[in-house]
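**Student:** Sharing structure39.txt (compact mmCIF, C-alpha atoms) below.
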```txt
# COMPACT_ATOMS: atom_id res chain seq x y z
CA MET A 1 39.38 3.08 -0.56
CA ASP A 2 38.21 4.88 -3.70
CA ARG A 3 35.01 6.91 -3.93
CA VAL A 4 32.99 4.16 -5.63
CA SER A 5 34.03 1.59 -3.02
CA THR A 6 33.07 3.98 -0.24
CA MET A 7 29.64 4.44 -1.79
CA LYS A 8 29.16 0.68 -1.96
CA VAL A 9 29.97 0.36 1.75
CA ILE A 10 27.44 3.09 2.55
CA GLU A 11 24.87 1.25 0.44
CA VAL A 12 25.40 -2.02 2.30
CA ILE A 13 25.14 -0.32 5.69
CA ARG A 14 21.91 1.43 4.75
CA THR A 15 20.24 -1.71 3.42
CA MET A 16 21.09 -3.57 6.62
CA LYS A 17 18.49 -1.53 8.50
CA SER A 18 15.60 -3.75 9.56
CA TYR A 19 11.96 -2.79 9.81
CA ASN A 20 10.56 -3.03 13.35
CA TRP A 21 6.78 -3.22 12.97
CA LEU A 22 6.16 -2.88 16.71
CA GLU A 23 8.07 0.39 16.77
CA ALA A 24 6.45 1.63 13.57
CA ILE A 25 2.93 1.40 15.02
CA ASN A 26 3.89 2.14 18.63
CA VAL A 27 3.10 -1.29 20.09
CA THR A 28 4.85 -2.78 23.12
CA SER A 29 5.49 -6.47 23.64
CA GLU A 30 2.99 -6.40 26.51
CA MET A 31 0.24 -5.37 24.10
CA LEU A 32 0.71 -8.62 22.20
CA GLY A 33 -0.63 -10.66 25.09
CA ASN A 34 -4.35 -10.51 24.22
CA PRO A 35 -4.97 -13.35 21.76
CA ASP A 36 -8.71 -13.43 22.44
CA TYR A 37 -9.55 -10.50 20.17
CA ARG A 38 -9.02 -10.22 16.44
CA LEU A 39 -10.05 -7.20 14.40
CA PRO A 40 -12.94 -8.06 12.01
CA VAL A 41 -12.09 -7.10 8.42
CA ILE A 42 -14.25 -7.02 5.29
CA TRP A 43 -12.25 -6.74 2.07
CA ILE A 44 -14.22 -5.73 -1.03
CA SER A 45 -12.67 -5.72 -4.49
CA ALA A 46 -13.78 -3.21 -7.11
CA LEU A 47 -11.97 -2.75 -10.46
CA ASP A 48 -8.66 -4.34 -9.50
CA CYS A 49 -6.05 -6.88 -10.55
CA THR A 50 -5.87 -8.55 -7.07
CA GLY A 51 -2.29 -7.28 -6.84
CA CYS A 52 -2.92 -5.73 -3.42
CA LYS A 53 -4.09 -9.06 -1.99
CA GLU A 54 -1.10 -10.76 -3.62
CA ALA A 55 1.17 -8.26 -1.88
CA PHE A 56 -0.68 -8.68 1.43
CA LEU A 57 0.02 -12.42 1.35
CA ARG A 58 3.74 -11.75 0.94
CA SER A 59 4.25 -9.66 4.07
CA PHE A 60 7.48 -10.49 5.84
CA GLU A 61 7.25 -8.81 9.25
CA PRO A 62 4.77 -9.68 10.57
CA SER A 63 3.80 -12.36 8.10
CA SER A 64 0.31 -12.49 6.65
CA LEU A 65 -0.13 -15.86 8.36
CA ASP A 66 0.66 -14.41 11.80
CA THR A 67 -1.63 -11.48 11.06
CA LEU A 68 -4.58 -13.65 10.03
CA LEU A 69 -4.18 -16.13 12.88
CA ASN A 70 -3.43 -13.72 15.71
CA PHE A 71 -4.55 -10.17 14.95
CA ILE A 72 -7.29 -9.85 12.34
CA SER A 73 -10.29 -11.93 11.36
CA LEU A 74 -10.77 -11.70 7.60
CA GLU A 75 -14.52 -12.15 7.51
CA TYR A 76 -15.00 -11.56 3.79
CA SER A 77 -12.90 -11.47 0.64
CA GLU A 78 -14.02 -12.53 -2.82
CA LEU A 79 -10.59 -14.07 -3.39
CA LEU A 80 -9.53 -15.38 0.01
CA SER A 81 -12.78 -16.46 1.70
CA ALA A 82 -13.22 -20.20 2.09
CA ALA A 83 -16.93 -19.84 1.43
CA SER A 84 -18.33 -18.66 -1.90
CA GLY A 85 -21.62 -17.74 -3.50
CA TYR A 86 -24.61 -17.02 -1.29
CA GLN A 87 -22.82 -18.37 1.81
CA ALA A 88 -20.07 -15.75 1.53
CA GLU A 89 -22.55 -12.96 0.77
CA ASP A 90 -24.87 -13.91 3.64
CA HIS A 91 -21.93 -13.99 6.03
CA LYS A 92 -20.77 -10.55 4.88
CA GLU A 93 -24.15 -9.05 5.59
CA SER A 94 -24.26 -10.69 9.02
CA ILE A 95 -20.98 -8.95 9.90
CA PHE A 96 -22.59 -5.57 9.27
CA GLU A 97 -24.91 -6.22 12.22
CA LYS A 98 -22.77 -8.46 14.43
CA TYR A 99 -19.78 -6.11 14.45
CA GLN A 100 -21.49 -2.79 13.80
CA GLY A 101 -18.96 0.01 14.34
CA GLU A 102 -16.20 -2.51 15.08
CA TYR A 103 -15.06 -3.89 11.73
CA VAL A 104 -12.64 -2.37 9.24
CA LEU A 105 -13.57 -2.12 5.58
CA ALA A 106 -10.70 -2.56 3.12
CA ILE A 107 -11.33 -1.49 -0.47
CA GLU A 108 -9.17 -2.58 -3.39
CA GLY A 109 -9.59 -1.20 -6.90
CA GLY A 110 -11.18 1.82 -8.52
CA ILE A 111 -14.92 2.20 -8.04
CA PRO A 112 -16.81 2.30 -11.38
CA GLY A 113 -19.36 5.00 -11.98
CA SER A 114 -21.78 2.58 -13.60
CA ASP A 115 -22.93 -0.88 -12.48
CA GLU A 116 -22.47 -2.27 -15.99
CA PHE A 117 -18.71 -2.44 -15.39
CA LEU A 118 -18.82 -4.44 -12.14
CA MET A 119 -21.40 -6.13 -9.96
CA ILE A 120 -20.86 -8.55 -7.08
CA ALA A 121 -23.39 -11.37 -6.59
CA GLY A 122 -25.83 -9.44 -8.76
CA LYS A 123 -25.50 -6.31 -6.63
CA SER A 124 -23.96 -2.92 -7.34
CA VAL A 125 -20.39 -2.80 -6.04
CA ARG A 126 -20.82 0.92 -5.40
CA GLU A 127 -23.86 0.35 -3.23
CA GLU A 128 -22.18 -2.55 -1.45
CA ILE A 129 -19.19 -0.35 -0.57
CA ILE A 130 -21.41 2.48 0.65
CA LEU A 131 -23.43 0.03 2.76
CA ALA A 132 -20.33 -1.63 4.22
CA ALA A 133 -18.67 1.71 4.98
CA LYS A 134 -21.73 3.06 6.77
CA ASN A 135 -21.15 1.03 9.94
CA ALA A 136 -17.39 0.46 9.71
CA LYS A 137 -14.92 1.62 12.35
CA ALA A 138 -12.70 2.82 9.50
CA VAL A 139 -12.22 2.41 5.77
CA LEU A 140 -8.82 1.61 4.25
CA ALA A 141 -8.15 2.23 0.57
CA PHE A 142 -5.57 -0.42 -0.30
CA GLY A 143 -3.66 0.43 -3.46
CA SER A 144 -3.50 3.42 -5.79
CA CYS A 145 -6.69 2.37 -7.61
CA SER A 146 -8.93 2.77 -4.58
CA ALA A 147 -6.85 5.64 -3.16
CA TRP A 148 -6.59 7.77 -6.31
CA GLY A 149 -8.65 6.04 -9.02
CA GLY A 150 -5.55 4.36 -10.45
CA LEU A 151 -5.46 2.56 -13.77
CA PRO A 152 -9.27 2.21 -14.09
CA ALA A 153 -9.52 6.02 -13.92
CA ALA A 154 -6.55 6.68 -16.22
CA GLY A 155 -6.76 8.43 -19.56
CA GLU A 156 -10.28 8.83 -20.91
CA ASN A 157 -11.70 6.69 -18.07
CA PRO A 158 -14.58 4.96 -19.91
CA THR A 159 -15.66 3.26 -16.66
CA HIS A 160 -16.02 6.65 -14.93
CA SER A 161 -14.09 5.16 -12.04
CA THR A 162 -13.38 7.20 -8.96
CA ASP A 163 -11.48 6.95 -5.69
CA ILE A 164 -12.98 5.88 -2.37
CA ARG A 165 -12.90 9.34 -0.79
CA SER A 166 -15.08 10.74 -3.60
CA LEU A 167 -17.67 8.04 -2.95
CA LEU A 168 -18.07 8.28 0.83
CA PRO A 169 -19.30 11.13 3.05
CA GLU A 170 -16.70 13.10 5.01
CA CYS A 171 -17.95 11.73 8.33
CA ILE A 172 -16.56 8.26 7.59
CA PRO A 173 -12.90 7.90 8.68
CA VAL A 174 -10.77 6.93 5.68
CA ALA A 175 -7.06 6.22 5.31
CA LEU A 176 -5.35 5.91 1.94
CA VAL A 177 -2.63 3.26 1.56
CA PRO A 178 -1.45 3.87 -2.02
CA GLY A 179 1.03 1.90 -4.08
CA CYS A 180 0.78 -0.44 -7.04
CA PRO A 181 0.73 -2.58 -5.07
CA PRO A 182 1.24 -1.10 -1.60
CA ILE A 183 4.09 -2.41 0.54
CA PRO A 184 2.71 -5.50 2.34
CA GLU A 185 4.01 -4.37 5.73
CA VAL A 186 2.34 -0.98 5.26
CA MET A 187 -1.06 -2.57 4.68
CA ILE A 188 -0.67 -4.86 7.66
CA GLY A 189 0.90 -2.14 9.81
CA THR A 190 -2.10 0.12 9.20
CA LEU A 191 -4.52 -2.66 10.06
CA LEU A 192 -2.60 -3.55 13.21
CA HIS A 193 -2.49 0.05 14.38
CA ILE A 194 -6.28 -0.01 14.38
CA HIS A 195 -6.26 -3.41 16.08
CA PHE A 196 -4.03 -2.28 18.94
CA HIS A 197 -5.06 1.37 19.30
CA GLY A 198 -8.70 1.28 18.22
CA GLU A 199 -8.32 4.11 15.71
CA LEU A 200 -6.59 5.11 12.51
CA PRO A 201 -2.91 6.08 12.74
CA GLU A 202 -1.91 9.71 12.34
CA LEU A 203 -2.52 10.74 8.74
CA ASP A 204 -0.91 13.36 6.54
CA LYS A 205 -2.89 15.99 4.62
CA LYS A 206 -3.53 13.47 1.85
CA LEU A 207 -4.94 10.95 4.38
CA ARG A 208 -1.92 8.61 4.22
CA PRO A 209 -0.43 7.06 7.40
CA LYS A 210 2.45 9.36 8.33
CA ALA A 211 4.53 6.52 9.69
CA PHE A 212 4.92 5.07 6.20
CA TYR A 213 4.51 8.05 3.84
CA GLN A 214 6.34 10.86 5.62
CA THR A 215 9.36 11.00 3.31
CA THR A 216 10.12 10.60 -0.36
CA VAL A 217 11.68 7.47 -1.76
CA HIS A 218 14.64 9.60 -2.84
CA MET A 219 15.46 10.97 0.61
CA ALA A 220 15.73 7.47 2.08
CA CYS A 221 17.18 5.79 -1.00
CA HIS A 222 20.24 3.61 -0.53
CA ARG A 223 21.58 5.11 -3.78
CA LYS A 224 21.25 8.72 -2.60
CA ALA A 225 24.95 8.89 -1.73
CA PHE A 226 25.65 8.38 -5.43
CA PHE A 227 23.15 11.11 -6.31
CA ASP A 228 24.92 13.51 -3.95
CA GLN A 229 28.21 12.69 -5.65
CA LYS A 230 26.62 13.11 -9.11
CA LEU A 231 27.27 9.50 -10.02
CA PHE A 232 24.49 8.38 -12.35
CA ALA A 233 23.75 5.32 -14.46
CA GLU A 234 23.26 6.35 -18.09
CA SER A 235 21.61 3.07 -19.12
CA PHE A 236 20.37 -0.03 -17.34
CA ASN A 237 23.38 -2.09 -18.40
CA ASP A 238 26.31 0.33 -18.23
CA GLN A 239 29.07 0.20 -15.65
CA GLY A 240 27.33 2.78 -13.49
CA ALA A 241 24.22 0.63 -13.24
CA LYS A 242 26.33 -2.41 -12.37
CA GLN A 243 28.00 -0.47 -9.56
CA GLY A 244 24.69 0.71 -8.15
CA PHE A 245 24.81 4.35 -9.25
CA CYS A 246 21.77 6.63 -8.94
CA LEU A 247 19.00 5.97 -11.49
CA PHE A 248 17.70 9.54 -11.69
CA LYS A 249 18.80 10.04 -15.29
CA LEU A 250 16.90 6.91 -16.26
CA GLY A 251 13.61 8.47 -15.15
CA CYS A 252 13.51 7.59 -11.47
CA LYS A 253 10.58 9.40 -9.83
CA GLY A 254 11.82 8.83 -6.29
CA PRO A 255 12.22 12.57 -5.57
CA ALA A 256 8.46 13.08 -6.06
CA ALA A 257 7.15 9.81 -4.63
CA PHE A 258 6.17 9.50 -0.98
CA ASN A 259 6.42 5.88 0.10
CA GLY A 260 8.26 3.63 2.55
CA CYS A 261 10.01 1.50 -0.06
CA GLU A 262 13.50 2.59 0.95
CA SER A 263 12.97 3.95 4.46
CA MET A 264 11.74 0.53 5.63
CA GLY A 265 14.97 -1.10 4.52
CA LYS A 266 13.38 -3.64 2.20
CA ASP A 267 14.57 -4.85 -1.19
CA ARG A 268 12.20 -3.37 -3.75
CA CYS A 269 12.25 -1.80 -7.22
CA ILE A 270 15.40 0.31 -6.86
CA SER A 271 17.34 -2.51 -5.20
CA ALA A 272 16.38 -4.67 -8.18
CA GLY A 273 17.99 -2.11 -10.49
CA TYR A 274 14.83 -0.46 -11.76
CA THR A 275 13.66 3.12 -11.38
CA CYS A 276 10.92 4.23 -9.02
CA ILE A 277 7.80 4.83 -11.14
CA GLY A 278 6.02 6.81 -8.42
CA CYS A 279 3.25 4.23 -8.11
CA SER A 280 2.09 5.64 -4.77
CA GLU A 281 1.29 9.05 -6.28
CA LYS A 282 -1.97 10.29 -7.76
CA ASN A 283 -2.37 9.86 -11.54
CA PHE A 284 1.02 8.18 -11.88
CA TRP A 285 -0.24 6.22 -14.90
CA ASP A 286 -0.86 9.45 -16.82
CA LYS A 287 2.42 11.22 -16.09
CA GLY A 288 4.42 10.02 -19.06
CA GLY A 289 6.67 7.00 -19.44
CA PHE A 290 8.20 5.09 -16.59
CA VAL A 291 11.80 5.46 -17.79
CA GLY A 292 13.75 8.43 -19.15
CA LYS A 293 14.63 8.91 -22.79
CA ARG A 294 18.12 7.84 -23.75
CA LYS A 295 20.39 10.52 -25.12
CA ARG A 296 21.56 9.90 -28.66
```
Could the structure of this file be written out as structure tokens, please?

**Tutor:**
Amino acid sequence: MDRVSTMKVIEVIRTMKSYNWLEAINVTSEMLGNPDYRLPVIWISALDCTGCKEAFLRSFEPSSLDTLLNFISLEYSELLSAASGYQAEDHKESIFEKYQGEYVLAIEGGIPGSDEFLMIAGKSVREEIILAAKNAKAVLAFGSCSAWGGLPAAGENPTHSTDIRSLLPECIPVALVPGCPPIPEVMIGTLLHIHFHGELPELDKKLRPKAFYQTTVHMACHRKAFFDQKLFAESFNDQGAKQGFCLFKLGCKGPAAFNGCESMGKDRCISAGYTCIGCSEKNFWDKGGFVGKRKR
């Protein structure tokens, strides 16, 4: 077997790894036997594209359907709530009192510095987030926009958008779940850790769940064997690319991006033949182009 064929075999073996969500969040099968309780969740959208919710709905293991029916109670979401208008807003405010200290607040999108850029039901989205966070068990920043400021805070930032940690006092427990969008199973895994353990998972120094952000995309990449052998694609349609060679020379930011894209064994950007753009990292929009410059 030649070197390229050997690398292909290694690639297949590595991508066969399956993600075990029970193991990832330290849950035993016995802990699944309490269907009477679901974690109340309020999901507020700031300056966002709804991509995080779109990703959430596409979770594979566990599925978003299983999550919503068995583990969490999504009490409020501008996009997903069955109710709308004053009925949805009244219900949201009732949750603040009914489940005081028990609900999780999920935030999606950068938070504008001025109300002129976004209001919800005639109310300041900033004030609504601060109010909702005040009595929450924990706050989750879903996506790089709420975690780091993201696209709304890129460049000159005319909206004066900021991240969730800059908005809330230090006493409120916050976990950042960055990505554009985040991996669906990471969002759900973080929620379910709170559901089963009653607290946030262990976080790294940047407040990200260690279970999902402890290694770089590069270190777990199924193409790393090619990197080690110095086998690189020079363009997206050359023979190297067709054989699955490393994409580092095409601008892949996997060595500097901490995310579970590859370590969780799922088919994502790199498996699709595109470079990692480092979407889970702070200010990734402002760090130059997403692909390398071709040599002439």

**Student:** What does the distance from CA of Val139 (chain A) to CA of Val174 (chain A) come to in Å, to one decimal?

**Tutor:**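 Between CA of Val139 (chain A) and CA of Val174 (chain A) the gap works out to 4.7 Å.
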
**Student:** Using CA of Gly289 (chain A) and CA of Ser271 (chain A) as the two end points, give the distance in Å to one decimal.

**Tutor:**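 Straight-line distance from CA of Gly289 (chain A) to CA of Ser271 (chain A) works out to 20.2 Å.
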
**Student:** Between A:Ile44, A:Leu203, A:Cys52, A:Leu250, which one has atoms that come closest to Ile164 (chain A), using all atoms listed in the file?

**Tutor:**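 Closest candidate: A:Ile44.
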
**Student:** Out of A:Thr190, A:Thr28, A:Gln100, A:Ser166, which residue has the shortest atom-to-atom distance to Pro112 (chain A) when counting only C-alpha atoms?

**Tutor:**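 Of A:Thr190, A:Thr28, A:Gln100, A:Ser166, the one nearest Pro112 (chain A), counting only C-alpha atoms, is A:Ser166.
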
**Student:** Which residue gives the smallest distance to Cys49 (chain A) among A:Ser144, A:Asn70, A:Ser114, A:Gln229, with all atoms listed in the file counted?

**Tutor:** A:Ser144

**Student:** For region 274-285 of chain A, find every residue with an atom within 6 Å (counting only C-alpha atoms), except residues of its own chain fewer than 5 positions away, and show them as an NGL selection string.

**Tutor:** :A and (148 or 178-180 or 252-254 or 257 or 269 or 290)

**Student:** Looking at A:Pro40, A:Gly122, A:Gly288, A:Gly51, which one is nearest to Tyr99 (chain A), with distances taken over all atoms listed in the file?

**Tutor:**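 Answer, going by the shortest atom-to-atom distance: A:Pro40.
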
**Student:** Near Tyr86 (chain A), within 8 Å and counting all atoms listed in the file, which residues show up once chain neighbours fewer than 3 positions away are dropped, as a short mmCIF file (atom, residue, chain, number, x, y, z; two decimals) with C-alpha atoms, keeping the file's coordinate frame?

**Tutor:**
```
data_model
loop_
_atom_site.label_atom_id
_atom_site.label_comp_id
_atom_site.auth_asym_id
_atom_site.auth_seq_id
_atom_site.Cartn_x
_atom_site.Cartn_y
_atom_site.Cartn_z
CA GLU A 89 -22.55 -12.96 0.77
CA ASP A 90 -24.87 -13.91 3.64
CA ALA A 121 -23.39 -11.37 -6.59
#
```

**Student:** Edge lengths and centre, in Å to one decimal, as lines of an AutoDock Vina configuration file: that's what I need for the box along x, y and z that holds all listed atoms of region 21-29 of chain A plus 3 Å on each side.

**Tutor:**
```
center_x = 5.5
center_y = -2.2
center_z = 18.3
size_x = 11.1
size_y = 14.6
size_z = 16.7
```

**Student:** Would you mind telling me which residue in A:Arg268, A:Lys230, A:Lys98, A:Lys123 lies nearest to Val217 (chain A) when using only C-alpha atoms?

**Tutor:**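 Among A:Arg268, A:Lys230, A:Lys98, A:Lys123, it is A:Arg268 that comes nearest to Val217 (chain A).
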
**Student:** Give me the residues near region 208-210 of chain A as JSON, numbers by chain, where near means some atom within 12 Å (using all atoms listed in the file) and where sequence neighbours in that chain fewer than 3 positions away do not count.

**Tutor:** {"A": [24, 25, 140, 141, 142, 143, 144, 147, 148, 173, 174, 175, 176, 177, 178, 179, 182, 186, 187, 188, 189, 190, 191, 193, 194, 199, 200, 201, 202, 203, 204, 205, 213, 214, 215, 216, 258, 259, 260, 280, 281]}

**Student:** What separation in Å, quoted to one decimal, exists between CA of Glu185 (chain A) and CA of Thr67 (chain A)?

**Tutor:** 10.5 Å

**Student:** Can you list, as a PyMOL selection string, every protein, DNA or RNA residue that comes within 7 Å of Gly244 (chain A) when you count all atoms listed in the file, leaving out same-chain residues fewer than 3 positions away?

**Tutor:** chain A and resi 223+240-241

**Student:** Would you mind listing what lies within 6 Å of Ser146 (chain A) as an MDAnalysis selection string, with all atoms listed in the file counted and same-chain residues fewer than 6 positions away left out?

**Tutor:** chainID A and resid 108:110 163:164

**Student:** Smallest atom-to-atom distance to Asn20 (chain A): which of A:Gly150, A:Gly265, A:Gly273, A:Gly101, using all atoms listed in the file?

**Tutor:** A:Gly265
